[in-house]
Every structure is written in structure tokens, then in C-alpha cells.
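The next block holds one structure in the form of C-alpha cells; read it before the comments.
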Amino acid sequence: MADAIQKNKLFTQWPQERILVAPSLLAARYDRLAEEVAAVEKAGAEVLHLDIMDGHFVPNLSFGADLVKALRPASEMLFDVHLMITDPIKYAPRFRAAGADHITFHVEVLEDSAKVIDAIHALGCTAGISLRPATPVEAVLPYLDKVEMVLVMTVEPGFGGQSFHGEQLPKIQKLRAAIDAIGKPIRLEVDGGIAKESAALVRQSGADVLVAGSSVFRAKDGDYKNAIDVLR
Ligand code: DX5
Ligand code: ZN
């Protein structure tokens, strides 16, 4: 396994001009996950997005730390774990032990966000804070200078393959302005319904990490390289 800190430079270097693409494993073929991971890496993805759902914070279940651990040897990509769970402090260490480089949690969970951020940093991971479509941008602003990433959900979290919510664009623009005002390396990630057209809109609004499930793993003719290239 490559050194986590080295890989996390993708999130912590400044200026962050490079657009990163993070295929979401949720849309991969579950009967050949290791091959799918190797294929998106070969196609140019720098980051692998891993969606963790607990059936409480979101009305769906996905997979746990054991699966992340099993896939770790298959890839040198930065493992970007998106915790859609009510108890991030309890489970973050298990994902770190499984090979997570970065961990994002949701501001809407009941725990004190500052405490969650500290807990993630104490594990040696970069930390991200995410907000659902209905959550106002003000909810994350107090934590912006403490995290390495903000994740704007451009669909309601819980399922892949949904349509992009264009009304989230002003939120992305506000966060871009706030990050630039802070002047520190904070990545602005978007997740949900990202395909060619929505990718252009979120890039123009200032996003620099694009999560893409269906548009990559369900690409026409299985051409992952083209699918990733058109998003940048
Ligand atoms: C949704 C997940 C997303 C999902 C995106 O709750 O957080 O990462 O996999 O899938 P697409 O790109 O298909 O909308
Ligand atoms: Zn996600």
C-alpha cells in the first residue's frame, strides 16, 4: 500500500487547479469488484469513492470496512470514504484500518462536527464534511478552515443513478468563494448525477473533485477512459 500522506497531497496541495475524478464503487459490477477498481485506475482516475450507508442516516445499505480492506491491494488510488452513517466517530477507525486515506462525514449527524473532524485527523486521514441538498451552506461554513474537503451532495444521498439537482449550483459557488477567501487547500467535491453536462456546470461553479458512479461504471461500451476524460 502506498503511503497515505503522499496520496493525500492530491487533496492538500495548493493551488488546486487540477480536476480530480472519483469513480463511485457503488455503480461498479459487484461480481468483479477488484477488476473494476483496477480498470478505473488504468483509465486515469486518481481517487476511488467508497459510499458507506447504514440504513439509518440513509434508507439503504451498501458495504462495510471489510470490503474496503479486500480492495485495498487492488489499487494505489486515494481511497475517499463517504460515511452516510449516524455514528462516524465509532466507525471511522475501522475504515482507516481498512485502508481509507480520506474520510467524509455528514454535518447533519447528531455528533459535534468539530469532534468528528478531530477524530478523523487523529487517525491520520484527511477529513471532509458533507451536506445534503436541503442543508444550507451556513451549516458547514464554521468548519471550513478545519477540513481538507467539503462535499456537496447534488442528489439526495442513499442511491446511485439519480438525476443531478441543478439548484445546488449556487451552494457550490458560495463554497468556492468561501474557500478562496480562506486561501487554504480545501477540496470542493460534488456527488450525485455527475455526467458530461452536469460536470461542466459544477466545474464552472468551482468544484474540483467530481464523484461519478453511473456515468463511469455504466459507460457506453465500457469505455471508462473516455467517460472519465469527458468529465474533466
Ligand atoms: C449517493 C452516493 C453517490 C453515488 C453517485 O448517495 O453518495 O456517491 O454513488 O452515483 P451516481 O454518479 O450514479 O449519481
Ligand atoms: Zn458518495
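Residue numbering restarts at 1 for every chain of the C-alpha cells, chains are lettered A, B, ... in their displayed order, and ligands are numbered from 1 as they appear.
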Residues within 10 Å of ligand 2, counting only C-alpha atoms and all ligand atoms, as a ChimeraX atom specification: /A:22-26,49-53,80-84,104,130,151-155,157-160,189-192,211-213
So that I have them on file, write out the residues from the current selection with N, CA, C and O atoms, as a short mmCIF file (atom, residue, chain, number, x, y, z; two decimals), in the first residue's frame.
```
data_model
loop_
_atom_site.label_atom_id
_atom_site.label_comp_id
_atom_site.auth_asym_id
_atom_site.auth_seq_id
_atom_site.Cartn_x
_atom_site.Cartn_y
_atom_site.Cartn_z
N ALA A 22 -13.42 10.92 -9.27
CA ALA A 22 -13.52 9.86 -8.27
C ALA A 22 -14.67 8.92 -8.61
O ALA A 22 -15.82 9.16 -8.23
N PRO A 23 -14.39 7.85 -9.34
CA PRO A 23 -15.46 6.90 -9.64
C PRO A 23 -16.03 6.31 -8.34
O PRO A 23 -15.27 6.02 -7.40
N SER A 24 -17.35 6.18 -8.28
CA SER A 24 -18.00 5.62 -7.10
C SER A 24 -18.24 4.13 -7.28
O SER A 24 -18.96 3.71 -8.19
N LEU A 25 -17.66 3.37 -6.36
CA LEU A 25 -17.72 1.90 -6.44
C LEU A 25 -19.16 1.38 -6.43
O LEU A 25 -19.43 0.27 -6.91
N LEU A 26 -20.06 2.19 -5.89
CA LEU A 26 -21.47 1.78 -5.78
C LEU A 26 -22.05 1.35 -7.13
O LEU A 26 -22.96 0.52 -7.18
N HIS A 49 -14.06 6.55 -4.85
CA HIS A 49 -15.07 7.00 -3.90
C HIS A 49 -15.83 5.77 -3.37
O HIS A 49 -16.36 4.98 -4.15
N LEU A 50 -15.89 5.65 -2.05
CA LEU A 50 -16.48 4.46 -1.41
C LEU A 50 -17.65 4.91 -0.53
O LEU A 50 -17.45 5.60 0.48
N ASP A 51 -18.86 4.55 -0.93
CA ASP A 51 -20.08 5.01 -0.26
C ASP A 51 -20.52 4.04 0.82
O ASP A 51 -20.88 2.90 0.52
N ILE A 52 -20.53 4.52 2.06
CA ILE A 52 -20.90 3.66 3.19
C ILE A 52 -22.27 4.11 3.73
O ILE A 52 -22.43 5.25 4.17
N MET A 53 -23.23 3.22 3.69
CA MET A 53 -24.61 3.54 4.10
C MET A 53 -25.06 2.58 5.19
O MET A 53 -24.80 1.39 5.11
N ASP A 80 -11.32 7.40 -0.88
CA ASP A 80 -12.15 8.51 -0.39
C ASP A 80 -13.45 7.89 0.14
O ASP A 80 -14.33 7.53 -0.62
N VAL A 81 -13.51 7.76 1.48
CA VAL A 81 -14.66 7.08 2.09
C VAL A 81 -15.72 8.11 2.47
O VAL A 81 -15.44 9.08 3.19
N HIS A 82 -16.93 7.92 1.98
CA HIS A 82 -18.06 8.82 2.22
C HIS A 82 -19.01 8.13 3.20
O HIS A 82 -19.74 7.22 2.82
N LEU A 83 -18.97 8.57 4.46
CA LEU A 83 -19.77 7.93 5.50
C LEU A 83 -21.16 8.55 5.55
O LEU A 83 -21.34 9.66 6.06
N MET A 84 -22.14 7.82 5.04
CA MET A 84 -23.55 8.22 5.17
C MET A 84 -24.12 7.41 6.32
O MET A 84 -24.97 6.53 6.14
N THR A 104 -15.03 11.35 4.78
CA THR A 104 -16.03 12.43 4.81
C THR A 104 -17.22 11.96 5.63
O THR A 104 -17.67 10.82 5.50
N SER A 130 -19.80 16.92 4.66
CA SER A 130 -20.76 16.89 3.56
C SER A 130 -22.11 17.43 3.99
O SER A 130 -22.46 17.39 5.18
N LEU A 151 -17.99 18.33 0.72
CA LEU A 151 -18.69 17.51 -0.28
C LEU A 151 -20.14 17.99 -0.39
O LEU A 151 -20.91 17.90 0.57
N VAL A 152 -20.47 18.53 -1.54
CA VAL A 152 -21.84 18.97 -1.80
C VAL A 152 -22.60 17.85 -2.49
O VAL A 152 -22.22 17.41 -3.58
N MET A 153 -23.65 17.37 -1.85
CA MET A 153 -24.49 16.34 -2.46
C MET A 153 -25.39 16.99 -3.51
O MET A 153 -26.16 17.89 -3.20
N THR A 154 -25.28 16.48 -4.73
CA THR A 154 -26.11 17.01 -5.82
C THR A 154 -27.24 16.04 -6.16
O THR A 154 -27.90 16.18 -7.19
N VAL A 155 -27.45 15.06 -5.25
CA VAL A 155 -28.68 14.25 -5.20
C VAL A 155 -28.93 13.99 -3.71
O VAL A 155 -28.05 14.22 -2.88
N PRO A 157 -28.71 11.77 -0.72
CA PRO A 157 -27.85 10.60 -0.55
C PRO A 157 -28.65 9.31 -0.29
O PRO A 157 -29.74 9.36 0.27
N GLY A 158 -28.11 8.22 -0.75
CA GLY A 158 -28.73 6.92 -0.50
C GLY A 158 -28.72 5.99 -1.69
O GLY A 158 -28.68 4.77 -1.52
N PHE A 159 -28.73 6.55 -2.89
CA PHE A 159 -28.81 5.70 -4.07
C PHE A 159 -27.99 6.31 -5.22
O PHE A 159 -27.97 7.53 -5.39
N GLY A 160 -27.40 5.42 -6.01
CA GLY A 160 -26.74 5.87 -7.23
C GLY A 160 -27.76 6.03 -8.34
O GLY A 160 -28.93 5.67 -8.19
N GLU A 189 -15.80 18.94 -3.45
CA GLU A 189 -16.24 17.72 -4.14
C GLU A 189 -17.76 17.76 -4.35
O GLU A 189 -18.49 18.30 -3.52
N VAL A 190 -18.19 17.19 -5.46
CA VAL A 190 -19.62 17.07 -5.74
C VAL A 190 -19.93 15.60 -6.01
O VAL A 190 -19.09 14.87 -6.52
N ASP A 191 -21.16 15.21 -5.67
CA ASP A 191 -21.50 13.78 -5.70
C ASP A 191 -22.99 13.63 -6.00
O ASP A 191 -23.83 14.09 -5.24
N GLY A 192 -23.27 12.96 -7.12
CA GLY A 192 -24.64 12.64 -7.47
C GLY A 192 -25.04 13.16 -8.84
O GLY A 192 -25.06 14.38 -9.07
N VAL A 211 -17.25 13.23 -8.17
CA VAL A 211 -17.63 11.82 -7.94
C VAL A 211 -18.56 11.41 -9.08
O VAL A 211 -19.45 12.16 -9.46
N ALA A 212 -18.31 10.23 -9.62
CA ALA A 212 -19.18 9.76 -10.70
C ALA A 212 -19.32 8.24 -10.61
O ALA A 212 -18.33 7.51 -10.69
N GLY A 213 -20.56 7.81 -10.40
CA GLY A 213 -20.85 6.38 -10.35
C GLY A 213 -21.28 5.87 -11.69
O GLY A 213 -20.49 5.35 -12.49
#
```
Those in region 15-229 of chain A with helix (DSSP H, G or I) from DSSP, as number ranges by chain: A: 25-27, 33-42, 65-74, 88-98, 113-122, 137-139, 141-146, 166-182, 196-205, 214-217, 220-222, 224-229
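One finds CA of His121 (chain A) at 25.9 Å from CA of Leu61 (chain A).
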Residues within 8 Å of Arg72 (chain A), only C-alpha atoms, excluding chain neighbours under 2 positions, as a VMD selection string: chain A and resid 1 68 to 70 74 to 76 98 to 99
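The smallest atom-to-atom distance between ligand 1 and any of A:Ile85, A:Leu169, A:Glu111, A:Ala178, using only C-alpha atoms and all ligand atoms, is found for A:Ile85.
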Residue set, region 103-168 of chain A restricted to strand (DSSP E), as a list in words: Ile103, Thr104, Phe105, His106, Thr126, Ala127, Gly128, Ile129, Ser130, Leu131, Met149, Val150, Leu151, Val152 and Met153 of chain A
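Closest approach to ligand 1 among A:Asn226, A:Ser62, A:Ser215, A:Thr135 is made by A:Ser215 (distances from only C-alpha atoms and all ligand atoms).
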Selection: 10 Å around Thr12 (chain A), only C-alpha atoms, excl. self and same-chain fewer than 2 positions, as a list in words: Ile5, Gln6, Lys7, Asn8, Lys9, Leu10, Trp14, Pro15, Gln16, Thr126, Glu148, Met149, Lys184, Pro185, Ile186 and Arg187 of chain A
Store the residues of this selection in a file with N, CA, C and O atoms, as a compact mmCIF listing (two decimals), in the first residue's frame.
```txt
# COMPACT_ATOMS: atom_id res chain seq x y z
N ILE A 5 -0.10 9.59 3.16
CA ILE A 5 0.15 11.03 3.16
C ILE A 5 0.55 11.50 1.75
O ILE A 5 0.10 12.54 1.28
N GLN A 6 1.40 10.71 1.08
CA GLN A 6 1.77 11.04 -0.29
C GLN A 6 0.54 11.21 -1.16
O GLN A 6 0.40 12.18 -1.89
N LYS A 7 -0.36 10.23 -1.10
CA LYS A 7 -1.56 10.28 -1.93
C LYS A 7 -2.44 11.45 -1.54
O LYS A 7 -3.07 12.07 -2.38
N ASN A 8 -2.50 11.76 -0.25
CA ASN A 8 -3.38 12.83 0.19
C ASN A 8 -2.92 14.20 -0.29
O ASN A 8 -3.66 15.17 -0.17
N LYS A 9 -1.71 14.28 -0.85
CA LYS A 9 -1.30 15.55 -1.45
C LYS A 9 -2.28 15.97 -2.55
O LYS A 9 -2.41 17.15 -2.84
N LEU A 10 -2.94 14.99 -3.12
CA LEU A 10 -3.98 15.31 -4.12
C LEU A 10 -5.02 16.24 -3.51
O LEU A 10 -5.64 17.03 -4.20
N TRP A 14 -1.66 23.08 -2.87
CA TRP A 14 -2.28 24.37 -3.21
C TRP A 14 -1.38 25.10 -4.19
O TRP A 14 -0.18 25.08 -4.00
N PRO A 15 -1.85 25.71 -5.27
CA PRO A 15 -3.26 25.79 -5.65
C PRO A 15 -3.78 24.49 -6.23
O PRO A 15 -3.01 23.69 -6.75
N GLN A 16 -5.09 24.32 -6.11
CA GLN A 16 -5.71 23.05 -6.52
C GLN A 16 -6.37 23.22 -7.89
O GLN A 16 -7.58 23.18 -8.01
N THR A 126 -7.19 12.67 5.95
CA THR A 126 -7.77 13.97 5.70
C THR A 126 -9.28 13.85 5.95
O THR A 126 -9.86 12.77 5.86
N GLU A 148 -10.22 19.32 5.00
CA GLU A 148 -9.49 19.32 3.73
C GLU A 148 -10.46 19.21 2.55
O GLU A 148 -10.04 19.32 1.39
N MET A 149 -11.73 18.98 2.84
CA MET A 149 -12.71 18.85 1.76
C MET A 149 -14.12 19.18 2.23
O MET A 149 -14.49 18.89 3.38
N LYS A 184 -6.77 28.42 1.71
CA LYS A 184 -6.09 27.19 2.11
C LYS A 184 -6.52 26.04 1.19
O LYS A 184 -7.57 26.13 0.56
N PRO A 185 -5.73 24.95 1.12
CA PRO A 185 -6.13 23.83 0.28
C PRO A 185 -7.32 23.06 0.83
O PRO A 185 -7.17 22.24 1.72
N ILE A 186 -8.49 23.39 0.34
CA ILE A 186 -9.72 22.69 0.73
C ILE A 186 -10.38 22.26 -0.57
O ILE A 186 -10.72 23.10 -1.41
N ARG A 187 -10.52 20.97 -0.75
CA ARG A 187 -11.14 20.45 -1.97
C ARG A 187 -12.65 20.64 -1.93
O ARG A 187 -13.27 20.53 -0.86
```
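Each of A:Leu144, A:Lys174, A:Lys225, A:Val230 was checked against Ala39 (chain A) using only C-alpha atoms; the smallest atom-to-atom distance is that of A:Lys225.
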Nearby residues (only C-alpha atoms) at most 12 Å from Lys115 (chain A), same-chain spacing under 3 positions excluded, as number ranges by chain: A: 87-90, 105, 107, 109-112, 118-122, 127, 129, 143, 146-147
Next, the residues of the selection above should be written as a compact mmCIF listing (two decimals), in the first residue's frame with all heavy atoms.
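Result saved to out12.txt:
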```
# COMPACT_ATOMS: atom_id res chain seq x y z
N ASP A 87 -23.14 7.44 12.97
CA ASP A 87 -22.14 7.33 14.03
C ASP A 87 -20.71 7.33 13.47
O ASP A 87 -19.97 6.35 13.62
CB ASP A 87 -22.42 6.02 14.78
CG ASP A 87 -21.91 6.06 16.20
OD1 ASP A 87 -21.16 6.99 16.53
OD2 ASP A 87 -22.25 5.14 16.97
N PRO A 88 -20.28 8.44 12.85
CA PRO A 88 -18.97 8.43 12.19
C PRO A 88 -17.79 8.22 13.14
O PRO A 88 -16.81 7.57 12.77
CB PRO A 88 -18.89 9.80 11.51
CG PRO A 88 -19.90 10.64 12.21
CD PRO A 88 -20.98 9.72 12.66
N ILE A 89 -17.88 8.73 14.36
CA ILE A 89 -16.74 8.60 15.29
C ILE A 89 -16.50 7.14 15.64
O ILE A 89 -15.37 6.68 15.75
CB ILE A 89 -16.94 9.47 16.55
CG1 ILE A 89 -16.82 10.95 16.18
CG2 ILE A 89 -15.93 9.10 17.63
CD1 ILE A 89 -16.95 11.92 17.33
N LYS A 90 -17.60 6.39 15.77
CA LYS A 90 -17.47 4.97 16.12
C LYS A 90 -16.83 4.16 14.99
O LYS A 90 -16.00 3.29 15.23
CB LYS A 90 -18.86 4.40 16.44
CG LYS A 90 -18.83 2.93 16.79
CD LYS A 90 -20.20 2.47 17.26
CE LYS A 90 -20.20 0.97 17.52
NZ LYS A 90 -21.56 0.49 17.81
N PHE A 105 -17.75 12.85 6.47
CA PHE A 105 -18.96 12.57 7.25
C PHE A 105 -19.99 13.66 6.93
O PHE A 105 -19.68 14.65 6.26
CB PHE A 105 -18.65 12.55 8.76
CG PHE A 105 -18.32 13.92 9.31
CD1 PHE A 105 -19.27 14.67 9.99
CD2 PHE A 105 -17.06 14.49 9.10
CE1 PHE A 105 -18.98 15.96 10.45
CE2 PHE A 105 -16.76 15.77 9.55
CZ PHE A 105 -17.72 16.50 10.23
N VAL A 107 -22.63 16.67 8.02
CA VAL A 107 -22.86 17.68 9.05
C VAL A 107 -24.20 17.44 9.76
O VAL A 107 -24.39 17.89 10.89
CB VAL A 107 -22.77 19.11 8.44
CG1 VAL A 107 -23.95 19.39 7.51
CG2 VAL A 107 -22.66 20.17 9.53
N VAL A 109 -25.43 14.67 10.97
CA VAL A 109 -25.47 13.67 12.03
C VAL A 109 -25.42 14.39 13.37
O VAL A 109 -24.98 15.54 13.45
CB VAL A 109 -24.33 12.62 11.92
CG1 VAL A 109 -24.43 11.87 10.61
CG2 VAL A 109 -22.96 13.23 12.11
N LEU A 110 -25.86 13.73 14.43
CA LEU A 110 -26.04 14.43 15.69
C LEU A 110 -24.74 14.80 16.38
O LEU A 110 -24.71 15.65 17.26
CB LEU A 110 -26.93 13.59 16.63
CG LEU A 110 -28.38 13.51 16.15
CD1 LEU A 110 -29.20 12.59 17.04
CD2 LEU A 110 -29.03 14.90 16.08
N GLU A 111 -23.64 14.18 15.97
CA GLU A 111 -22.40 14.42 16.69
C GLU A 111 -21.86 15.83 16.40
O GLU A 111 -22.12 16.40 15.35
CB GLU A 111 -21.37 13.37 16.30
CG GLU A 111 -21.92 11.98 16.55
CD GLU A 111 -20.84 10.93 16.66
OE1 GLU A 111 -19.98 11.08 17.55
OE2 GLU A 111 -20.86 9.97 15.89
N ASP A 112 -21.08 16.33 17.32
CA ASP A 112 -20.41 17.63 17.18
C ASP A 112 -19.41 17.53 16.03
O ASP A 112 -18.46 16.75 16.09
CB ASP A 112 -19.75 17.93 18.53
CG ASP A 112 -18.85 19.16 18.49
OD1 ASP A 112 -18.75 19.79 17.42
OD2 ASP A 112 -18.25 19.46 19.53
N ASP A 118 -11.78 16.21 14.35
CA ASP A 118 -10.58 15.89 15.15
C ASP A 118 -10.34 14.38 15.18
O ASP A 118 -9.19 13.94 15.11
CB ASP A 118 -10.75 16.41 16.59
CG ASP A 118 -10.65 17.92 16.68
OD1 ASP A 118 -10.21 18.56 15.69
OD2 ASP A 118 -11.02 18.48 17.73
N ALA A 119 -11.42 13.61 15.31
CA ALA A 119 -11.27 12.15 15.38
C ALA A 119 -10.70 11.61 14.07
O ALA A 119 -9.84 10.72 14.07
CB ALA A 119 -12.63 11.51 15.69
N ILE A 120 -11.14 12.15 12.95
CA ILE A 120 -10.65 11.69 11.64
C ILE A 120 -9.18 12.08 11.48
O ILE A 120 -8.35 11.26 11.07
CB ILE A 120 -11.52 12.27 10.50
CG1 ILE A 120 -12.93 11.68 10.56
CG2 ILE A 120 -10.88 11.98 9.13
CD1 ILE A 120 -13.94 12.37 9.64
N HIS A 121 -8.84 13.30 11.85
CA HIS A 121 -7.44 13.73 11.76
C HIS A 121 -6.53 12.89 12.67
O HIS A 121 -5.41 12.57 12.29
CB HIS A 121 -7.32 15.21 12.13
CG HIS A 121 -7.78 16.13 11.04
ND1 HIS A 121 -8.19 17.43 11.28
CD2 HIS A 121 -7.90 15.95 9.71
CE1 HIS A 121 -8.53 18.00 10.13
NE2 HIS A 121 -8.38 17.11 9.16
N ALA A 122 -7.04 12.54 13.83
CA ALA A 122 -6.23 11.75 14.77
C ALA A 122 -5.89 10.38 14.19
O ALA A 122 -4.90 9.76 14.57
CB ALA A 122 -6.97 11.59 16.10
N ALA A 127 -9.91 15.00 6.29
CA ALA A 127 -11.32 14.99 6.70
C ALA A 127 -12.17 15.82 5.76
O ALA A 127 -11.76 16.89 5.31
CB ALA A 127 -11.44 15.54 8.12
N ILE A 129 -16.35 17.26 5.12
CA ILE A 129 -17.68 17.48 5.70
C ILE A 129 -18.67 17.61 4.54
O ILE A 129 -18.38 18.27 3.54
CB ILE A 129 -17.67 18.71 6.63
CG1 ILE A 129 -18.97 18.81 7.43
CG2 ILE A 129 -17.41 20.01 5.86
CD1 ILE A 129 -18.85 19.74 8.64
N TYR A 143 -16.92 25.22 9.88
CA TYR A 143 -15.92 24.14 9.94
C TYR A 143 -14.94 24.17 8.78
O TYR A 143 -14.03 23.35 8.71
CB TYR A 143 -16.63 22.78 10.00
CG TYR A 143 -17.63 22.71 11.11
CD1 TYR A 143 -18.99 22.83 10.85
CD2 TYR A 143 -17.20 22.58 12.43
CE1 TYR A 143 -19.91 22.80 11.89
CE2 TYR A 143 -18.11 22.56 13.47
CZ TYR A 143 -19.46 22.67 13.19
OH TYR A 143 -20.37 22.66 14.22
N LYS A 146 -11.23 23.92 9.04
CA LYS A 146 -10.71 22.75 9.78
C LYS A 146 -10.61 21.50 8.91
O LYS A 146 -10.01 20.50 9.31
CB LYS A 146 -11.63 22.42 10.96
CG LYS A 146 -11.74 23.51 12.00
CD LYS A 146 -12.65 23.03 13.15
CE LYS A 146 -12.66 24.01 14.31
NZ LYS A 146 -13.16 25.36 13.92
N VAL A 147 -11.25 21.51 7.73
CA VAL A 147 -11.32 20.31 6.90
C VAL A 147 -10.45 20.45 5.64
O VAL A 147 -10.03 21.55 5.29
CB VAL A 147 -12.78 19.99 6.46
CG1 VAL A 147 -13.62 19.58 7.66
CG2 VAL A 147 -13.40 21.18 5.72
```
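If only C-alpha atoms and all ligand atoms are the atoms counted, then among A:Leu33, A:Ile19, A:Ile179, A:Ile194 the closest residue to ligand 1 is A:Ile194.
Comparing A:Ala45, A:Leu123, A:Leu175, A:Leu131 by their smallest distance to ligand 1, the closest is A:Leu131 (using only C-alpha atoms and all ligand atoms).
Taking CA of Lys171 (chain A) as the reference point, CA of Ile103 (chain A) is found at 21.4 Å.
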Of the listed residues A:Ala139, A:Asp31, A:Gly44, A:Lys220, that which approaches Arg232 (chain A) most closely, counting only C-alpha atoms: A:Gly44
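Of note, CA of Ala219 (chain A) and CA of Ala207 (chain A) are spaced 22.0 Å apart.
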Close residues, Arg203 (chain A) itself excluded, 12 Å, only C-alpha atoms, min 3 positions apart in chain, as a ChimeraX atom specification: /A:17-21,169,172-173,176,188-190,194-200,206-210,230-232
Residues from last step as file, N, CA and C atoms, as a PDB file, in the first residue's frame:
```pdb
ATOM      1  N   GLU A  17      -5.523  23.378  -8.893  1.00  0.00           N
ATOM      2  CA  GLU A  17      -6.081  23.650 -10.217  1.00  0.00           C
ATOM      3  C   GLU A  17      -6.569  22.385 -10.906  1.00  0.00           C
ATOM      4  N   ARG A  18      -6.022  21.249 -10.514  1.00  0.00           N
ATOM      5  CA  ARG A  18      -6.323  20.023 -11.215  1.00  0.00           C
ATOM      6  C   ARG A  18      -7.685  19.459 -10.789  1.00  0.00           C
ATOM      7  N   ILE A  19      -8.515  19.115 -11.783  1.00  0.00           N
ATOM      8  CA  ILE A  19      -9.807  18.488 -11.505  1.00  0.00           C
ATOM      9  C   ILE A  19      -9.583  16.992 -11.307  1.00  0.00           C
ATOM     10  N   LEU A  20     -10.019  16.471 -10.176  1.00  0.00           N
ATOM     11  CA  LEU A  20      -9.889  15.037  -9.901  1.00  0.00           C
ATOM     12  C   LEU A  20     -11.220  14.346 -10.172  1.00  0.00           C
ATOM     13  N   VAL A  21     -11.139  13.124 -10.706  1.00  0.00           N
ATOM     14  CA  VAL A  21     -12.354  12.329 -10.913  1.00  0.00           C
ATOM     15  C   VAL A  21     -12.307  11.134  -9.965  1.00  0.00           C
ATOM     16  N   LEU A 169     -26.180  24.390  -7.504  1.00  0.00           N
ATOM     17  CA  LEU A 169     -25.047  25.143  -8.068  1.00  0.00           C
ATOM     18  C   LEU A 169     -24.694  26.406  -7.271  1.00  0.00           C
ATOM     19  N   ILE A 172     -22.504  25.526  -4.415  1.00  0.00           N
ATOM     20  CA  ILE A 172     -21.123  25.242  -4.836  1.00  0.00           C
ATOM     21  C   ILE A 172     -20.375  26.561  -5.044  1.00  0.00           C
ATOM     22  N   GLN A 173     -21.055  27.524  -5.684  1.00  0.00           N
ATOM     23  CA  GLN A 173     -20.422  28.831  -5.933  1.00  0.00           C
ATOM     24  C   GLN A 173     -20.080  29.545  -4.619  1.00  0.00           C
ATOM     25  N   ARG A 176     -17.101  27.851  -3.103  1.00  0.00           N
ATOM     26  CA  ARG A 176     -15.875  28.190  -3.831  1.00  0.00           C
ATOM     27  C   ARG A 176     -15.341  29.543  -3.347  1.00  0.00           C
ATOM     28  N   LEU A 188     -13.243  20.886  -3.096  1.00  0.00           N
ATOM     29  CA  LEU A 188     -14.691  21.049  -3.210  1.00  0.00           C
ATOM     30  C   LEU A 188     -15.207  19.930  -4.104  1.00  0.00           C
ATOM     31  N   GLU A 189     -15.801  18.936  -3.451  1.00  0.00           N
ATOM     32  CA  GLU A 189     -16.244  17.718  -4.142  1.00  0.00           C
ATOM     33  C   GLU A 189     -17.759  17.756  -4.347  1.00  0.00           C
ATOM     34  N   VAL A 190     -18.185  17.191  -5.459  1.00  0.00           N
ATOM     35  CA  VAL A 190     -19.621  17.067  -5.743  1.00  0.00           C
ATOM     36  C   VAL A 190     -19.931  15.602  -6.010  1.00  0.00           C
ATOM     37  N   ILE A 194     -23.452  13.124 -11.646  1.00  0.00           N
ATOM     38  CA  ILE A 194     -22.400  13.820 -12.412  1.00  0.00           C
ATOM     39  C   ILE A 194     -22.120  13.056 -13.711  1.00  0.00           C
ATOM     40  N   ALA A 195     -22.409  13.716 -14.815  1.00  0.00           N
ATOM     41  CA  ALA A 195     -22.157  13.189 -16.164  1.00  0.00           C
ATOM     42  C   ALA A 195     -21.661  14.378 -16.983  1.00  0.00           C
ATOM     43  N   LYS A 196     -21.528  14.200 -18.291  1.00  0.00           N
ATOM     44  CA  LYS A 196     -20.882  15.232 -19.107  1.00  0.00           C
ATOM     45  C   LYS A 196     -21.419  16.661 -18.855  1.00  0.00           C
ATOM     46  N   GLU A 197     -22.745  16.836 -18.956  1.00  0.00           N
ATOM     47  CA  GLU A 197     -23.289  18.197 -18.860  1.00  0.00           C
ATOM     48  C   GLU A 197     -23.234  18.771 -17.449  1.00  0.00           C
ATOM     49  N   SER A 198     -23.636  17.941 -16.473  1.00  0.00           N
ATOM     50  CA  SER A 198     -23.593  18.438 -15.091  1.00  0.00           C
ATOM     51  C   SER A 198     -22.154  18.675 -14.657  1.00  0.00           C
ATOM     52  N   ALA A 199     -21.216  17.880 -15.177  1.00  0.00           N
ATOM     53  CA  ALA A 199     -19.798  18.074 -14.829  1.00  0.00           C
ATOM     54  C   ALA A 199     -19.334  19.462 -15.257  1.00  0.00           C
ATOM     55  N   ALA A 200     -19.741  19.886 -16.452  1.00  0.00           N
ATOM     56  CA  ALA A 200     -19.347  21.218 -16.915  1.00  0.00           C
ATOM     57  C   ALA A 200     -19.917  22.294 -15.984  1.00  0.00           C
ATOM     58  N   GLY A 206     -17.030  25.884  -9.615  1.00  0.00           N
ATOM     59  CA  GLY A 206     -15.864  25.837  -8.726  1.00  0.00           C
ATOM     60  C   GLY A 206     -15.554  24.495  -8.091  1.00  0.00           C
ATOM     61  N   ALA A 207     -16.292  23.445  -8.443  1.00  0.00           N
ATOM     62  CA  ALA A 207     -15.976  22.121  -7.889  1.00  0.00           C
ATOM     63  C   ALA A 207     -14.672  21.608  -8.498  1.00  0.00           C
ATOM     64  N   ASP A 208     -13.885  20.862  -7.697  1.00  0.00           N
ATOM     65  CA  ASP A 208     -12.630  20.334  -8.236  1.00  0.00           C
ATOM     66  C   ASP A 208     -12.413  18.843  -7.981  1.00  0.00           C
ATOM     67  N   VAL A 209     -13.369  18.178  -7.357  1.00  0.00           N
ATOM     68  CA  VAL A 209     -13.353  16.711  -7.264  1.00  0.00           C
ATOM     69  C   VAL A 209     -14.740  16.223  -7.676  1.00  0.00           C
ATOM     70  N   LEU A 210     -14.788  15.450  -8.744  1.00  0.00           N
ATOM     71  CA  LEU A 210     -16.071  15.018  -9.297  1.00  0.00           C
ATOM     72  C   LEU A 210     -16.275  13.529  -9.028  1.00  0.00           C
ATOM     73  N   VAL A 230     -14.239  12.911 -20.336  1.00  0.00           N
ATOM     74  CA  VAL A 230     -15.269  13.906 -20.656  1.00  0.00           C
ATOM     75  C   VAL A 230     -15.726  14.684 -19.415  1.00  0.00           C
ATOM     76  N   LEU A 231     -15.477  14.149 -18.241  1.00  0.00           N
ATOM     77  CA  LEU A 231     -15.886  14.860 -17.022  1.00  0.00           C
ATOM     78  C   LEU A 231     -14.949  16.004 -16.673  1.00  0.00           C
ATOM     79  N   ARG A 232     -13.693  15.920 -17.094  1.00  0.00           N
ATOM     80  CA  ARG A 232     -12.685  16.924 -16.670  1.00  0.00           C
ATOM     81  C   ARG A 232     -12.806  18.260 -17.412  1.00  0.00           C
TER      82      ARG A 232
END
```
